[in-house]
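Here's the structure, in structure tokens; my notes come after.
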Amino acid sequence: MTDFDFPSKDTVLGYYDSLSNWGRWGENDRLGTLNFITPEVRKKAAALISSGQVISLSQNLDPNNPDPLGAGMGNIQRFMQLGEVSHIANQKVQADAVTDFIGIEAHGSNTHLDGLGHYAWKGRNYNGFDASETNSIDGSQALSIHQAEHGIVSSAVILDICGLHGVQWLETSYAITPDDLLAAEKRQGVTVEPGDVLLVHTGHVAKIRANGPAPASSADTPVPPGAGLHASCLPFLHDRGVSALGSDTVQDVQPSGYDDWDLFRPIHSIGIVALGLWLIDNMDLTEAVDKCREVERWKLFFALLPWKMVGVTSAATNPVAIF
């Protein structure tokens, strides 16, 4: 909203304390906002399934197009060993197989889950874990993706910010505010409740597919500009008990609106470190939004199962919505 009173830099930096969930679920907690997803929340989510139609919310992982959104981070490798059995057996064995080696820069412009070891503030990760426990040899020792072994299985609310403004996609660097989120809830007749996954539709993926990615704006801003959530949305995410936040962008509006590298991506830095909020970056929400518009329903069953890999801060993933 154009007349929104954006908070000052000091106010936003204060969110590290005022919105902190450190100790909320115990001093050894490593799940953060996933604690909002209780068995009762999952049961209510399962009751949302009616037709049984499944829609993928992920982009393809394509080694021939490793950086589809032009984020500057995209490395996908696929090596295939062909016909080992027949070669070793000098073609005497007719049954054969192939094997793969796959390598991926998981924090690239592919659809991926950000874990709680991804960001630190003043040498500390979420819940006060020492960021020095993360290193290039052993990985993220205290906070690892594999700790989310039960996945993210809950209800999800899609807030269609494009529909709110009557556009196919938001303008470049449009800053989504809490007023936008509240107006979208009212327009769609839906409310984000504790344990819900919040999915924010900006049209970013559709825009890039139509027009191509935008270049980085300057040497001081090494990522392309794009619409996304403003830091002022953090209290909304905290107060509503959002279990995970997903979008068809990198979540944060770029540039962030603050001339301070400590606030380069505050939805990431403050959301992950203070709230313990799990993020699902670069989703493809186009088909799901079309379906929601068709059936006039914006809360649905959601499932995301990250790989159970020890010591990593991210997982390429294929979340799904079931209607």
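In the structure tokens, chains take the letters A, B, ... in the order shown, each chain's residues start at 1, and ligands count up from 1 in the order shown.
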
Go through region 175-215 of chain A and flag each residue having an atom no more than 10 Å from region 70-76 of chain A; for those, report the closest pair of atoms plus their distance in Å to one decimal, using only C-alpha atoms, ordered by chain and rising number, as a tab-separated table.
```
residue	atom	partner	partner_atom	distance
A:Ile208	CA	A:Gly70	CA	8.7
A:Gly212	CA	A:Gly70	CA	8.1
A:Pro213	CA	A:Gly70	CA	5.3
A:Ala214	CA	A:Gly70	CA	7.3
A:Pro215	CA	A:Gly70	CA	7.7
```

Closest contacts (region 122-202 of chain A/region 306-317 of chain A, max 8 Å, only C-alpha atoms) as a Markdown table:
```
| residue | atom | partner | partner_atom | distance |
| --- | --- | --- | --- | --- |
| A:Asp138 | CA | A:Gly311 | CA | 6.7 |
| A:Gly139 | CA | A:Gly311 | CA | 4.6 |
| A:Ser140 | CA | A:Gly311 | CA | 4.4 |
| A:Gln141 | CA | A:Gly311 | CA | 5.5 |
| A:Leu143 | CA | A:Gly311 | CA | 7.4 |
| A:Ser144 | CA | A:Gly311 | CA | 4.9 |
| A:Ile145 | CA | A:Thr313 | CA | 5.6 |
| A:His146 | CA | A:Lys308 | CA | 4.2 |
| A:Gln147 | CA | A:Lys308 | CA | 7.7 |
| A:Ala148 | CA | A:Pro306 | CA | 7.6 |
| A:Glu149 | CA | A:Lys308 | CA | 6.4 |
| A:Gly151 | CA | A:Pro306 | CA | 6.3 |
```

Output as CSV one row per residue of region 104-155 of chain A within 8 Å of region 65-68 of chain A: the closest atom pair and its distance in Å to one decimal place, counting only C-alpha atoms, sorted by chain and residue number ascending.
```
residue,atom,partner,partner_atom,distance
A:Gly108,CA,A:Asp67,CA,6.9
A:Ser109,CA,A:Asp67,CA,5.5
A:Asn110,CA,A:Asp67,CA,7.1
```

Please give the complete set of residues from region 69-158 of chain A that DSSP, run on the backbone, assigns to helix (DSSP H, G or I), formatted as a ChimeraX atom specification.
/A:84-88,126-128,131-133,145-147

Export of the given selection (C-alpha atoms) as a tab-separated table (two decimals), in the first residue's frame:
```
chain	number	residue	atom	x	y	z
A	84	GLU	CA	28.10	-50.52	-16.52
A	85	VAL	CA	26.86	-54.10	-16.43
A	86	SER	CA	27.01	-54.76	-20.15
A	87	HIS	CA	30.43	-53.14	-20.48
A	88	ILE	CA	31.92	-55.09	-17.60
A	126	TYR	CA	18.34	-19.40	15.97
A	127	ASN	CA	17.81	-20.14	19.66
A	128	GLY	CA	21.31	-18.95	20.53
A	131	ALA	CA	27.31	-19.95	14.48
A	132	SER	CA	30.91	-21.15	14.73
A	133	GLU	CA	29.51	-24.67	14.90
A	145	ILE	CA	17.75	-29.67	7.51
A	146	HIS	CA	17.57	-33.33	8.56
A	147	GLN	CA	16.10	-32.25	11.90
```

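Taking CA of Pro266 (chain A) and CA of Leu234 (chain A) as endpoints, the distance between them is 8.6 Å.
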
Give one line per residue of region 53-119 of chain A that approaches region 152-165 of chain A to at most 12 Å, naming the two atoms of the closest pair and their distance in Å to one decimal, counting only C-alpha atoms; sort by chain then ascending residue number and deliver it as a Markdown table.
```
| residue | atom | partner | partner_atom | distance |
| --- | --- | --- | --- | --- |
| A:Leu57 | CA | A:Ile158 | CA | 11.5 |
| A:Leu113 | CA | A:Ile152 | CA | 10.2 |
| A:Gly115 | CA | A:Ile152 | CA | 11.9 |
```

Write out as a short mmCIF file (atom, residue, chain, number, x, y, z; two decimals) with C-alpha atoms, in the first residue's frame each polymer residue whose atoms come within 9 Å of Gly271 (chain A), counting only C-alpha atoms; drop sequence neighbours fewer than 6 positions from it.
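Writing done, so here's out_22.cif:
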```cif
data_model
loop_
_atom_site.label_atom_id
_atom_site.label_comp_id
_atom_site.auth_asym_id
_atom_site.auth_seq_id
_atom_site.Cartn_x
_atom_site.Cartn_y
_atom_site.Cartn_z
CA TYR A 16 15.68 -9.48 16.73
CA LEU A 19 9.97 -10.96 17.92
CA LEU A 234 7.70 -9.69 10.32
CA LEU A 237 4.35 -13.53 10.65
CA HIS A 238 5.24 -13.73 14.33
CA LEU A 277 10.96 -19.31 10.58
CA TRP A 278 11.50 -21.80 7.76
CA LEU A 279 11.41 -20.30 4.26
#
```

Please provide as JSON, numbers by chain all residues within 6 Å of Asp252 (chain A), with the sequence filter that same-chain residues fewer than 2 positions apart are discarded (counting only C-alpha atoms).
{"A": [228, 229, 250, 265, 267]}

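Closest to Ser51 (chain A) among A:Val320, A:Leu300, A:Met80, A:Ile272 is A:Leu300, based on only C-alpha atoms.
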
Asp3 (chain A): which residues within 12 Å, counting only C-alpha atoms, same-chain residues fewer than 4 positions away excluded, as a ChimeraX atom specification?
/A:175,177,179-180
